[in-house]
Structure formats: structure tokens, C-alpha cells
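Trainee: Contents are compact mmCIF, C-alpha atoms and all ligand atoms; file name run_30.txt:
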# COMPACT_ATOMS: atom_id res chain seq x y z
CA MET A 1 59.96 103.54 175.15
CA GLU A 2 62.59 103.01 177.86
CA HIS A 3 60.92 102.47 181.23
CA PHE A 4 64.15 102.32 183.22
CA PHE A 5 65.87 105.71 182.95
CA TYR A 6 67.77 108.31 184.95
CA LYS A 7 65.94 111.16 186.63
CA GLU A 8 68.35 113.65 188.20
CA ASN A 9 71.08 110.98 188.20
CA ASN A 10 68.89 108.38 189.93
CA LEU A 11 67.79 105.27 188.06
CA VAL A 12 64.00 104.98 188.10
CA ALA A 13 61.48 102.42 186.89
CA GLU A 14 58.35 104.09 185.55
CA GLY A 15 59.36 107.11 187.63
CA VAL A 16 59.86 105.13 190.89
CA PRO A 17 63.45 105.38 192.21
CA ILE A 18 65.15 101.98 192.16
CA ALA A 19 66.98 102.99 195.35
CA THR A 20 63.64 103.37 197.16
CA VAL A 21 62.59 99.86 196.14
CA ALA A 22 65.97 98.47 197.23
CA GLU A 23 65.75 100.23 200.61
CA GLN A 24 62.28 98.83 201.18
CA TYR A 25 62.81 95.26 199.98
CA GLY A 26 66.56 94.75 200.25
CA THR A 27 69.02 93.40 197.69
CA PRO A 28 69.46 91.45 195.54
CA CYS A 29 66.01 91.94 194.02
CA PHE A 30 64.39 91.79 190.61
CA ILE A 31 62.32 94.81 189.57
CA TYR A 32 59.95 94.67 186.61
CA SER A 33 58.03 97.39 184.81
CA ARG A 34 54.44 96.57 183.98
CA ALA A 35 54.36 99.23 181.24
CA ALA A 36 57.43 97.66 179.60
CA LEU A 37 55.81 94.20 179.64
CA GLU A 38 52.62 95.59 178.17
CA GLU A 39 54.56 97.42 175.50
CA GLY A 40 56.52 94.26 174.65
CA TYR A 41 53.32 92.30 174.10
CA GLY A 42 51.62 95.25 172.40
CA ALA A 43 54.36 95.48 169.78
CA TYR A 44 53.46 91.98 168.55
CA ARG A 45 49.72 92.56 168.87
CA GLU A 46 49.86 95.74 166.78
CA ALA A 47 52.15 94.22 164.18
CA PHE A 48 49.74 91.36 163.50
CA ASP A 49 46.87 93.81 163.18
CA ASP A 50 43.98 91.91 161.59
CA HIS A 51 46.01 88.92 160.35
CA SER A 52 44.75 85.80 162.10
CA HIS A 53 47.25 85.08 164.90
CA LEU A 54 47.89 83.79 168.40
CA ILE A 55 50.69 85.26 170.52
CA CYS A 56 51.74 82.63 173.05
CA TYR A 57 54.14 84.23 175.53
CA ALA A 58 56.87 81.69 176.39
CA VAL A 59 56.25 81.21 180.10
CA LYS A 60 59.78 79.90 180.72
CA ALA A 61 61.23 83.39 180.16
CA ASN A 62 59.56 84.78 183.28
CA SER A 63 56.84 82.73 184.90
CA ASN A 64 55.84 84.85 187.90
CA ILE A 65 52.04 84.66 188.07
CA ALA A 66 51.78 88.46 188.25
CA VAL A 67 53.72 88.72 184.97
CA LEU A 68 51.46 86.10 183.38
CA ASN A 69 48.39 87.89 184.73
CA VAL A 70 49.44 91.21 183.18
CA LEU A 71 49.77 89.48 179.81
CA ALA A 72 46.58 87.40 180.23
CA LYS A 73 44.65 90.62 180.78
CA LEU A 74 45.85 91.78 177.37
CA GLY A 75 44.51 88.58 175.81
CA ALA A 76 47.82 86.75 175.48
CA GLY A 77 48.10 83.04 174.94
CA PHE A 78 50.94 81.08 176.55
CA ASP A 79 53.58 78.61 175.44
CA ILE A 80 54.30 76.11 178.20
CA VAL A 81 56.81 73.29 178.60
CA SER A 82 55.59 71.57 181.76
CA GLY A 83 52.56 70.81 183.87
CA GLY A 84 53.89 73.31 186.38
CA GLU A 85 53.79 76.06 183.78
CA LEU A 86 50.22 75.10 182.84
CA ALA A 87 49.22 75.38 186.51
CA ARG A 88 50.84 78.82 186.65
CA VAL A 89 48.94 79.99 183.58
CA VAL A 90 45.65 78.84 185.09
CA ALA A 91 46.49 80.40 188.49
CA ALA A 92 47.27 83.66 186.69
CA GLY A 93 43.92 83.75 184.92
CA GLY A 94 45.28 82.72 181.51
CA ASP A 95 43.03 80.98 179.02
CA PRO A 96 44.09 77.32 178.56
CA LYS A 97 42.44 77.36 175.14
CA LYS A 98 45.22 79.71 174.08
CA VAL A 99 48.01 77.44 175.38
CA THR A 100 50.57 75.66 173.22
CA PHE A 101 52.43 72.82 174.93
CA SER A 102 56.05 72.61 173.74
CA GLY A 103 58.88 70.43 174.97
CA LEU A 104 60.24 67.05 174.02
CA GLY A 105 59.63 65.03 177.16
CA LYS A 106 55.98 65.43 178.08
CA THR A 107 55.02 62.90 180.75
CA THR A 108 51.73 61.01 180.85
CA ASP A 109 50.52 63.25 183.68
CA GLU A 110 51.40 66.39 181.74
CA ILE A 111 49.59 65.17 178.62
CA CYS A 112 46.51 64.42 180.75
CA MET A 113 46.70 67.92 182.26
CA GLY A 114 46.84 69.45 178.79
CA LEU A 115 43.91 67.37 177.54
CA ASP A 116 41.82 68.13 180.62
CA ALA A 117 42.51 71.85 180.21
CA ASP A 118 41.49 71.66 176.55
CA ILE A 119 44.64 73.43 175.35
CA HIS A 120 45.09 74.90 171.87
CA CYS A 121 47.80 72.51 170.68
CA PHE A 122 50.47 69.98 171.66
CA ASN A 123 53.71 70.66 169.80
CA VAL A 124 54.98 67.12 169.27
CA GLU A 125 58.67 66.27 169.01
CA SER A 126 58.83 62.51 168.34
CA GLU A 127 56.84 59.58 167.02
CA ALA A 128 56.82 57.99 170.47
CA GLU A 129 55.35 61.14 171.99
CA LEU A 130 52.67 61.31 169.28
CA GLN A 131 51.70 57.71 169.98
CA ARG A 132 51.51 58.37 173.71
CA ILE A 133 49.31 61.43 173.21
CA SER A 134 47.01 59.48 170.89
CA ASP A 135 46.72 56.54 173.30
CA ILE A 136 45.93 58.80 176.26
CA ALA A 137 43.38 60.79 174.24
CA VAL A 138 41.63 57.61 173.05
CA GLY A 139 41.56 56.34 176.64
CA GLU A 140 39.83 59.56 177.71
CA SER A 141 37.51 59.66 174.66
CA LYS A 142 39.18 62.88 173.56
CA ILE A 143 40.96 64.05 170.45
CA ALA A 144 44.26 65.85 170.93
CA PRO A 145 45.05 68.87 168.73
CA VAL A 146 48.60 68.41 167.51
CA SER A 147 51.32 70.12 165.51
CA ILE A 148 54.62 68.48 164.71
CA ARG A 149 57.77 70.42 165.54
CA VAL A 150 59.89 70.24 162.46
CA ASN A 151 63.64 70.66 162.69
CA PRO A 152 64.36 72.59 159.48
CA ASP A 153 68.15 72.22 159.77
CA VAL A 154 69.00 75.92 159.57
CA ASN A 155 71.74 77.70 161.45
CA ALA A 156 70.14 80.26 163.76
CA GLU A 157 73.49 82.08 164.18
CA THR A 158 73.23 82.33 167.94
CA HIS A 159 75.00 80.85 170.99
CA PRO A 160 75.26 77.05 170.52
CA TYR A 161 73.50 76.40 173.87
CA ILE A 162 70.39 78.26 172.67
CA SER A 163 70.43 77.08 169.06
CA THR A 164 67.79 74.43 168.41
CA GLY A 165 67.13 74.14 164.67
CA LEU A 166 70.14 72.13 163.51
CA LYS A 167 70.13 68.37 162.88
CA GLU A 168 72.65 67.92 165.71
CA ASN A 169 70.17 69.47 168.21
CA LYS A 170 67.80 67.25 170.17
CA PHE A 171 64.74 69.26 169.14
CA GLY A 172 62.03 68.51 166.59
CA ILE A 173 61.88 66.00 163.76
CA SER A 174 63.75 66.33 160.44
CA MET A 175 61.69 67.26 157.39
CA GLU A 176 61.44 63.85 155.71
CA PRO A 177 60.52 61.81 158.78
CA ALA A 178 58.16 64.63 159.80
CA MET A 179 56.28 64.23 156.50
CA GLN A 180 55.92 60.49 157.15
CA LEU A 181 54.78 61.16 160.69
CA TYR A 182 52.07 63.56 159.48
CA VAL A 183 50.70 60.79 157.27
CA LYS A 184 50.73 58.40 160.23
CA ALA A 185 49.17 61.02 162.52
CA SER A 186 46.36 61.62 160.07
CA LYS A 187 45.27 58.02 160.69
CA MET A 188 45.57 58.03 164.47
CA ARG A 189 42.25 57.96 166.29
CA GLY A 190 43.23 60.25 169.15
CA ILE A 191 44.90 62.91 167.02
CA ARG A 192 43.64 65.94 165.13
CA ILE A 193 46.41 67.60 163.11
CA THR A 194 46.11 71.36 163.52
CA GLY A 195 49.52 72.84 162.77
CA ILE A 196 53.16 72.78 161.78
CA ASP A 197 55.71 74.23 164.10
CA PHE A 198 59.37 75.17 164.33
CA HIS A 199 61.61 77.06 166.74
CA ILE A 200 65.22 77.43 165.65
CA GLY A 201 66.79 79.14 168.63
CA SER A 202 66.84 82.11 170.94
CA GLN A 203 68.41 85.59 170.97
CA LEU A 204 68.25 85.70 167.16
CA THR A 205 69.45 89.04 165.85
CA ASN A 206 69.15 88.22 162.16
CA ILE A 207 65.80 87.62 160.52
CA LYS A 208 67.19 85.49 157.66
CA PRO A 209 67.42 82.10 159.40
CA ILE A 210 63.79 82.43 160.55
CA LEU A 211 62.70 83.26 156.98
CA ASN A 212 64.73 80.36 155.57
CA ALA A 213 63.10 78.00 158.06
CA LEU A 214 59.66 79.41 157.27
CA ASP A 215 60.21 78.89 153.51
CA ARG A 216 60.97 75.24 154.18
CA ILE A 217 57.95 74.88 156.41
CA LEU A 218 55.62 76.50 153.88
CA THR A 219 56.95 74.16 151.17
CA MET A 220 56.24 71.30 153.50
CA ASN A 221 52.72 72.62 154.01
CA ASP A 222 52.20 72.47 150.21
CA GLN A 223 53.36 68.85 150.24
CA LEU A 224 50.96 68.06 153.09
CA VAL A 225 48.07 69.65 151.21
CA SER A 226 48.91 67.51 148.18
CA LYS A 227 48.55 64.46 150.43
CA GLY A 228 45.18 65.72 151.64
CA ILE A 229 46.49 66.82 155.06
CA THR A 230 45.52 70.34 156.07
CA VAL A 231 46.55 72.43 159.04
CA ASP A 232 45.03 75.63 160.37
CA HIS A 233 48.17 77.27 161.75
CA VAL A 234 51.92 77.62 161.40
CA ASN A 235 53.82 78.17 164.63
CA ILE A 236 57.05 80.08 163.98
CA GLY A 237 58.36 79.62 167.54
CA GLY A 238 59.97 82.36 169.58
CA GLY A 239 63.54 83.51 169.52
CA LEU A 240 63.61 87.16 168.56
CA GLY A 241 66.66 88.71 170.18
CA VAL A 242 66.92 91.85 172.28
CA THR A 243 69.52 94.55 172.77
CA TYR A 244 71.73 93.67 175.73
CA GLY A 245 74.64 95.76 174.47
CA ASP A 246 75.20 96.73 170.87
CA GLU A 247 73.03 94.07 169.18
CA LYS A 248 70.54 95.46 166.68
CA PRO A 249 67.84 92.82 166.33
CA PRO A 250 64.79 93.53 164.20
CA THR A 251 61.84 94.87 166.19
CA PRO A 252 58.78 92.65 166.63
CA GLY A 253 57.06 94.97 164.13
CA GLU A 254 59.78 94.40 161.51
CA LEU A 255 59.79 90.65 162.08
CA ILE A 256 56.01 90.28 161.90
CA SER A 257 55.53 92.50 158.85
CA THR A 258 58.12 90.41 156.96
CA ILE A 259 56.51 87.19 158.15
CA LYS A 260 53.04 88.42 157.18
CA ARG A 261 54.27 89.04 153.62
CA LYS A 262 55.28 85.38 153.41
CA PHE A 263 51.71 84.44 154.33
CA SER A 264 50.02 86.61 151.73
CA GLY A 265 47.59 84.40 149.83
CA ILE A 266 47.98 81.64 152.43
CA ASP A 267 44.99 81.27 154.70
CA LEU A 268 46.75 80.08 157.86
CA LYS A 269 46.84 81.47 161.37
CA ILE A 270 50.31 82.52 162.55
CA VAL A 271 51.23 81.37 166.04
CA ILE A 272 54.33 82.82 167.72
CA GLU A 273 56.01 82.05 171.05
CA PRO A 274 58.05 85.08 172.11
CA GLY A 275 59.60 85.14 175.57
CA ARG A 276 62.76 87.20 175.81
CA SER A 277 61.58 89.95 173.46
CA ILE A 278 58.62 90.63 175.76
CA ALA A 279 60.25 90.24 179.17
CA ALA A 280 64.03 90.81 179.05
CA ASN A 281 64.12 94.58 178.94
CA ALA A 282 61.17 94.83 181.30
CA GLY A 283 63.35 93.93 184.28
CA VAL A 284 66.55 94.65 186.19
CA LEU A 285 68.43 92.83 188.92
CA VAL A 286 69.48 95.21 191.68
CA THR A 287 72.50 94.35 193.79
CA ARG A 288 74.59 96.13 196.41
CA VAL A 289 78.37 96.46 196.48
CA GLU A 290 79.68 94.72 199.60
CA TYR A 291 83.43 95.08 199.15
CA LEU A 292 85.97 96.34 196.68
CA LYS A 293 89.28 94.57 196.35
CA GLY A 294 92.12 94.40 193.93
CA HIS A 295 95.19 92.39 193.15
CA GLU A 296 97.82 92.52 190.45
CA GLY A 297 96.12 95.26 188.49
CA LYS A 298 92.72 93.64 188.69
CA ASN A 299 89.77 95.16 190.53
CA PHE A 300 86.85 93.23 191.89
CA ALA A 301 83.51 94.59 193.01
CA ILE A 302 82.04 91.94 195.28
CA VAL A 303 78.27 92.34 195.23
CA ASP A 304 75.41 90.60 197.03
CA GLY A 305 73.90 89.20 193.79
CA ALA A 306 75.47 86.10 192.30
CA MET A 307 75.32 83.38 189.68
CA ASN A 308 72.53 81.72 191.65
CA ASP A 309 70.41 84.85 191.01
CA LEU A 310 71.45 85.41 187.40
CA ILE A 311 73.25 82.52 185.76
CA ARG A 312 73.35 83.83 182.17
CA PRO A 313 76.87 85.33 182.42
CA ALA A 314 78.27 82.11 183.94
CA LEU A 315 76.37 79.75 181.65
CA TYR A 316 76.62 81.45 178.27
CA GLY A 317 79.24 84.13 178.86
CA ALA A 318 76.30 86.50 178.34
CA TRP A 319 76.93 90.24 178.55
CA GLN A 320 74.36 92.33 180.39
CA ASN A 321 74.84 96.00 181.08
CA ILE A 322 75.63 96.95 184.69
CA VAL A 323 74.82 100.52 185.64
CA PRO A 324 74.95 102.52 188.87
CA VAL A 325 71.60 103.16 190.53
CA LYS A 326 72.91 106.62 191.48
CA LYS A 327 75.32 108.35 189.14
CA THR A 328 78.08 110.22 190.95
CA ALA A 329 80.96 112.24 189.64
CA SER A 330 82.99 112.28 192.85
CA ILE A 331 85.26 109.26 192.43
CA GLU A 332 87.17 108.01 189.42
CA ASN A 333 86.03 105.19 187.19
CA LEU A 334 87.94 101.93 187.48
CA ASN A 335 87.54 98.68 185.57
CA TYR A 336 85.93 96.05 187.76
CA ASP A 337 84.92 92.43 187.49
CA VAL A 338 81.55 92.46 189.19
CA VAL A 339 81.47 89.18 191.11
CA GLY A 340 79.22 87.42 193.60
CA PRO A 341 80.18 85.67 196.84
CA ILE A 342 79.75 82.11 195.48
CA CYS A 343 82.72 79.77 195.55
CA GLU A 344 83.09 79.41 191.78
CA SER A 345 85.24 81.38 189.39
CA ALA A 346 82.25 81.46 187.03
CA ASP A 347 80.37 83.51 189.62
CA PHE A 348 80.42 86.86 187.90
CA LEU A 349 77.71 89.20 186.67
CA GLY A 350 80.02 91.18 184.42
CA LYS A 351 83.72 91.48 183.66
CA ASN A 352 85.84 94.52 182.98
CA ARG A 353 83.15 97.12 183.63
CA SER A 354 84.09 100.75 183.97
CA LEU A 355 82.38 101.88 187.18
CA ASN A 356 82.57 104.65 189.70
CA ILE A 357 81.59 102.89 192.94
CA LYS A 358 82.21 102.46 196.64
CA PRO A 359 80.97 99.82 199.09
CA GLY A 360 77.27 100.22 199.83
CA ASP A 361 76.45 101.52 196.33
CA LEU A 362 73.66 99.93 194.34
CA LEU A 363 74.11 98.53 190.84
CA ALA A 364 71.45 97.45 188.36
CA VAL A 365 72.03 94.59 185.96
CA LYS A 366 69.87 95.49 182.97
CA SER A 367 67.79 93.21 180.73
CA ALA A 368 67.20 90.75 183.58
CA GLY A 369 63.45 90.36 183.07
CA ALA A 370 63.83 87.17 181.00
CA TYR A 371 65.78 84.06 182.00
CA GLY A 372 66.72 85.81 185.25
CA PHE A 373 64.79 84.78 188.35
CA VAL A 374 63.40 81.69 186.60
CA MET A 375 66.90 80.21 186.30
CA SER A 376 67.90 81.10 189.84
CA SER A 377 68.79 78.50 192.43
CA ASN A 378 69.66 78.08 196.09
CA TYR A 379 73.29 77.16 195.38
CA ASN A 380 75.50 77.89 198.39
CA SER A 381 72.23 77.92 200.38
CA ARG A 382 71.53 81.42 199.22
CA LEU A 383 67.98 82.69 199.55
CA ARG A 384 66.26 83.37 196.28
CA ALA A 385 65.58 87.04 195.62
CA PRO A 386 62.22 88.79 195.73
CA GLU A 387 60.47 90.06 192.61
CA LEU A 388 58.80 93.46 192.51
CA MET A 389 56.58 94.94 189.84
CA ILE A 390 56.22 98.67 189.31
CA SER A 391 52.81 99.63 188.00
CA LYS A 392 51.61 103.21 187.74
CA SER A 393 54.07 104.46 190.40
CA ASN A 394 53.13 101.67 192.82
CA ILE A 395 55.56 99.03 194.04
CA HIS A 396 54.03 95.54 194.21
CA LEU A 397 55.79 92.63 195.88
CA ILE A 398 55.03 89.77 193.48
CA ARG A 399 57.34 87.23 195.09
CA GLU A 400 58.73 87.38 198.57
CA ARG A 401 62.37 86.89 199.40
CA GLU A 402 62.94 83.37 200.66
CA VAL A 403 63.65 82.95 204.36
CA VAL A 404 66.09 80.49 205.93
CA PRO A 405 63.47 77.82 206.82
CA ASP A 406 62.52 77.70 203.10
CA LEU A 407 65.98 76.31 202.39
CA PHE A 408 65.42 72.96 204.09
CA ARG A 409 61.63 72.93 204.44
CA ASN A 410 61.38 69.77 202.31
CA GLU A 411 64.40 67.98 203.74
CA HIS A 412 64.29 65.20 206.34
CA LEU A 413 66.80 63.91 208.87
CA LEU A 414 67.34 60.15 208.95
CA PRO A 415 65.55 58.41 211.84
CA ALA A 416 67.61 58.41 215.04
N1 LIG B 501 59.41 78.34 172.05
C1 LIG B 501 60.22 77.31 172.34
C2 LIG B 501 59.86 75.97 171.88
C3 LIG B 501 61.39 77.53 173.08
O1 LIG B 501 62.19 76.51 173.36
C4 LIG B 501 61.72 78.84 173.52
C5 LIG B 501 62.94 79.09 174.30
C6 LIG B 501 60.84 79.89 173.21
C7 LIG B 501 59.70 79.60 172.46
C8 LIG B 501 61.07 81.30 173.62
O2 LIG B 501 62.23 81.81 173.06
P1 LIG B 501 62.61 83.36 173.25
O3 LIG B 501 61.58 84.18 172.51
O4 LIG B 501 62.59 83.67 174.70
O5 LIG B 501 63.96 83.46 172.69
N2 LIG B 501 68.03 80.47 178.95
C9 LIG B 501 68.45 80.99 177.67
C10 LIG B 501 67.34 80.98 176.65
C11 LIG B 501 66.74 79.59 176.45
C12 LIG B 501 65.60 79.58 175.48
C13 LIG B 501 64.90 78.27 175.51
N3 LIG B 501 63.76 78.17 174.65
C14 LIG B 501 69.02 82.40 177.86
O6 LIG B 501 69.05 82.87 178.99
O7 LIG B 501 69.49 83.01 176.92
Would you write out, as C-alpha cells, the structure that this file holds?
Ligand code: LLP
Mentor:
Amino acid sequence: MEHFFYKENNLVAEGVPIATVAEQYGTPCFIYSRAALEEGYGAYREAFDDHSHLICYAVKANSNIAVLNVLAKLGAGFDIVSGGELARVVAAGGDPKKVTFSGLGKTTDEICMGLDADIHCFNVESEAELQRISDIAVGESKIAPVSIRVNPDVNAETHPYISTGLKENKFGISMEPAMQLYVKASKMRGIRITGIDFHIGSQLTNIKPILNALDRILTMNDQLVSKGITVDHVNIGGGLGVTYGDEKPPTPGELISTIKRKFSGIDLKIVIEPGRSIAANAGVLVTRVEYLKGHEGKNFAIVDGAMNDLIRPALYGAWQNIVPVKKTASIENLNYDVVGPICESADFLGKNRSLNIKPGDLLAVKSAGAYGFVMSSNYNSRLRAPELMISKSNIHLIREREVVPDLFRNEHLLPA
């Protein structure tokens, strides 16, 4: 169900007018729908039904503790990539025993944090990392649960910056060396092998590359079994795409039912790490038009949101829909580049958008619930935006807008 929709020409979130939220909290601001988040998680939960599984929401997609708390209350696990994310999960009431720790550069401190929290599994990306985890675990008289992230060398057919399953990518370990590492790991004192894992990329709109990767991984599992090495789960990573414009990705239900068929007769838990497909369409970025200007046949709408708030258009050339918060019929549509005030030509939220706007109007950038606020910065000494969550017609401030002293709170002048 769509939780951001028009009611009498006004964009609402779960029935609450976006304009009301913007008046109260100012712009730019991120607005999330709790119902949309719950539905995003629920789609996976229902699809798995009674097949043994663990849904680990990828915290990096949107790590606000209120977002994590909503998901924790539904029983979600979490996929983390840093000690900071682990701390967020704990602060949000998440269960560390349902945490997978991904990422290829885990520090000693982060490994200790994971061991102390008794997490579900470390997803290991190199021999050196495996050795470090084992050494730390032995030193603490613990045994670390580990899966090895295998790089299956499949083309995920997505933007090269978010493709991770090809040999040329820095992620995971190729199949052959991974087999050898499993054998080594099985003899390490601080290690308990619990899984195999892959993640081939993000914003995947075609199911085939995931299935190809899974076939390879399941073959590898057979080879492990023949060597006497058994795992209890296969982690298929995250990556399911969403509709930003005209993409037609499979639904979580379609993905999971296909995946489950691959596991028929195989007694392994399925772990999955979805981020975008739970959070992206549960949020919008609201921004106000400051000025309109034009030159040489080109029109610009200069808005108060910028690449520091939402970097996806600048970084990946990503297209996200930009819609008016109030639909009007009084002025004619023109094609605008919707740009921020930052001194970079890459500072745009959308190009060539047909809009009917005047200064002071509000615009909503859709699908901004994932990889939106989390990738924001203070570039140009801009204050980071607040985050609001709509829940049952109530507006909750879940992150305050930064204030000027925040900008240089941690900076120091040289001594006189
Ligand atoms: N698991 C691992 C190991 C990952 O690296 C990622 C995302 C996920 C799960 C979650 O993937 P998702 O379900 O969200 O596609 N900033 C980029 C996306 C980067 C994704 C990084 N890894 C963007 O805005 O498109």
C-alpha cells in the first residue's frame, strides 16, 4: 500500500499533510511512515512463513534509532558494518543475538564489541580478518560464529558503484580460495563455522543474478559437506531493488518464494540483509523552492535541500521522483533542473522535471527513506536536516535539525 498519497491535492503521509509537518519543523526535512516501514519488513516476514529464516535489516540504509526500534519491535535482526551501528542497534532495543556483522575492514575494537555482544555471525571477507577474529576470540576464551563472504563472480546488472559480486570488486573471497579458507577455519580454535554468505550488489531489479549466485553457493555447500564441514545458514545478502521511476523489481514475496524453492530438501536457515527494499519508499525529503531562474532556455528551481542532504543524484546519477506537496492547476508546467545552493555543478536533486511551481512552494523527493539522511553531510557548513516519523496520525521528531554550534562543536582553535 502507498502511504504517501494525495488527499484533495495535498500530499499526505499516513493521512498527515506533509505541508503541516514542513510548517512545524521547517525544510529540508526527512519524513518517514512507520506503517510503510512495518509493511516493508512484513512483506519479507510473511514470505518466509514457516521456513527457518533471519531477516537482518541492513542498518546502513537508515540507521535512525527510532527506525531500528520500529523494526526491532517486529522481531527483526540487523546487519551491521561498524561498531557504531552495533551501538545503535543496542540503543534501539535490537537483539544482538540476531546481528550479522558485515564489512571488510573490521577493527580489533569492533570485533571485541561483536564478541562481547554475542552476535549471530561475523561475515568474514579475508583470511587476515579470519585470523584476527580467531586470535581475539581465543584471547577472550570465546568462540566466534563465522560465515565467509564468497564473491561468486556474477554480474548483478546494477550501477557499477553498487555492484559487489564481481572479481574486480573489493568484496568477499573468490570461490576456490574460499573453499581453502573454510578448511583452514575448521581447524582454528577461536572459530565456529556457521554459514556461507554472499551479497552481489544493490538496487537489483532482476532476480536472475541472485539465483545464479545462490546456485554457486549451494554447490559450494555440497563440496563443504563432502569435506565434513557443515553450516547452519546461507546468507543471501540484501540488494533487492525498489521502484524509483519505472523499474519493476520483483517484490520481496516473489524473491523469497523463488529462493525458498531452491532450498527445498536443504535443511538450512536462510538469512537475508535487506535495506533499501524496507526503507526507501517509507520516506520522502521535503524541500522548499527558494528561487526560480532561467537562462538560455534552461530553467532552474533553486531549493533549500541539496546534495549534502541527498547525495544519490550527484553520486550515482540516481533518479528520484520529485512531486509538488500541493498540486495546483493555476500556473503552467515548465521543465526545471531542481538544484541546491551548494557550489558544485553536481548539486542537483533532479534534472529536467516538469513542474508547476513558484517560490515558496514545497516539493517532496520520493523514495528518500534509504541512503538519504545516512549519507548526508555538513558540506558548505549546512546543518543536517531533521527526521520525522509519522505513526498513527502523530508526528514524532526522531532527530532534531542541527544548530550552528553543532557545526564546530568538536573543533579547536590553535593555542594563542
Ligand atoms: N548487505 C551488505 C553486505 C551490503 O553491503 C548492503 C548494501 C546490504 C546488505 C543492503 O543492501 P540493500 O538491500 O539496501 O540494497 N548508497 C547506495 C547503496 C549502497 C549499498 C551498500 N551495501 C545507494 O544509495 O544506492
Trainee: From the options A:Ile18, A:Met188, A:Val67, A:Leu240, which residue's atoms come nearest to ligand LIG 501 (chain B), counting only C-alpha atoms and all ligand atoms?
Mentor: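 Using only C-alpha atoms and all ligand atoms, ligand LIG 501 (chain B) sits closest to A:Leu240.
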Trainee: Counting only C-alpha atoms and all ligand atoms, what residues are within 7 Å of ligand LIG 501 (chain B), given as a CSV table (one decimal) with C-alpha atoms, keeping the file's coordinate frame?
Mentor:
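part15.csv was written with the following content:
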chain,number,residue,atom,x,y,z
A,58,ALA,CA,56.9,81.7,176.4
A,61,ALA,CA,61.2,83.4,180.2
A,79,ASP,CA,53.6,78.6,175.4
A,102,SER,CA,56.0,72.6,173.7
A,103,GLY,CA,58.9,70.4,175.0
A,162,ILE,CA,70.4,78.3,172.7
A,199,HIS,CA,61.6,77.1,166.7
A,201,GLY,CA,66.8,79.1,168.6
A,202,SER,CA,66.8,82.1,170.9
A,203,GLN,CA,68.4,85.6,171.0
A,237,GLY,CA,58.4,79.6,167.5
A,238,GLY,CA,60.0,82.4,169.6
A,239,GLY,CA,63.5,83.5,169.5
A,240,LEU,CA,63.6,87.2,168.6
A,241,GLY,CA,66.7,88.7,170.2
A,273,GLU,CA,56.0,82.0,171.0
A,274,PRO,CA,58.0,85.1,172.1
A,275,GLY,CA,59.6,85.1,175.6
A,276,ARG,CA,62.8,87.2,175.8
A,277,SER,CA,61.6,90.0,173.5
A,312,ARG,CA,73.4,83.8,182.2
A,371,TYR,CA,65.8,84.1,182.0
Trainee: Residues near Cys343 (chain A), anyone? I mean within 12 Å using all atoms listed in the file, not counting same-chain ones fewer than 4 positions away, as number ranges by chain.
Mentor: A: 306-308, 339, 347-348, 379-382
Trainee: Which polymer residues, protein or nucleic acid, are no farther than 9 Å from (59.0, 85.0, 158.9), counting only C-alpha atoms, as a list in words?
Mentor: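 So the residues meeting the distance criterion are Ile207, Lys208, Pro209, Ile210, Leu211, Asn212, Ala213, Leu214, Asp215, Ile236, Leu255, Ile256, Ser257, Thr258, Ile259, Lys260, Arg261, Lys262 and Phe263 of chain A.
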Trainee: Please provide the set of residues having any atom within 8 Å of Asp304 (chain A), restricted to all atoms listed in the file, with same-chain residues fewer than 2 positions apart removed, written as an MDAnalysis selection string.
Mentor: chainID A and resid 27:28 287:290 302 306 340:341
Trainee: Deliver the residues from the most recent selection as a file, using C-alpha atoms, as a PDB file, keeping the file's coordinate frame.
Mentor:
ATOM      1  CA  THR A  27      69.020  93.400 197.690  1.00  0.00           C
ATOM      2  CA  PRO A  28      69.460  91.450 195.540  1.00  0.00           C
ATOM      3  CA  THR A 287      72.500  94.350 193.790  1.00  0.00           C
ATOM      4  CA  ARG A 288      74.590  96.130 196.410  1.00  0.00           C
ATOM      5  CA  VAL A 289      78.370  96.460 196.480  1.00  0.00           C
ATOM      6  CA  GLU A 290      79.680  94.720 199.600  1.00  0.00           C
ATOM      7  CA  ILE A 302      82.040  91.940 195.280  1.00  0.00           C
ATOM      8  CA  ALA A 306      75.470  86.100 192.300  1.00  0.00           C
ATOM      9  CA  GLY A 340      79.220  87.420 193.600  1.00  0.00           C
ATOM     10  CA  PRO A 341      80.180  85.670 196.840  1.00  0.00           C
TER      11      PRO A 341
END
Trainee: Around (54.0, 64.5, 163.1) in the file's frame, which residues reach within 10 Å when counting only C-alpha atoms? Return as a PyMOL selection string?
Mentor: chain A and resi 123-127+129-131+146-150+172-173+175+177-186+193+195-197
Trainee: Taking only C-alpha atoms into account, which of A:Ala13, A:Ala282, A:Asn335, A:Gln320 comes nearest Gly297 (chain A)?
Mentor: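 Among the listed residues, A:Asn335 lies closest to Gly297 (chain A).
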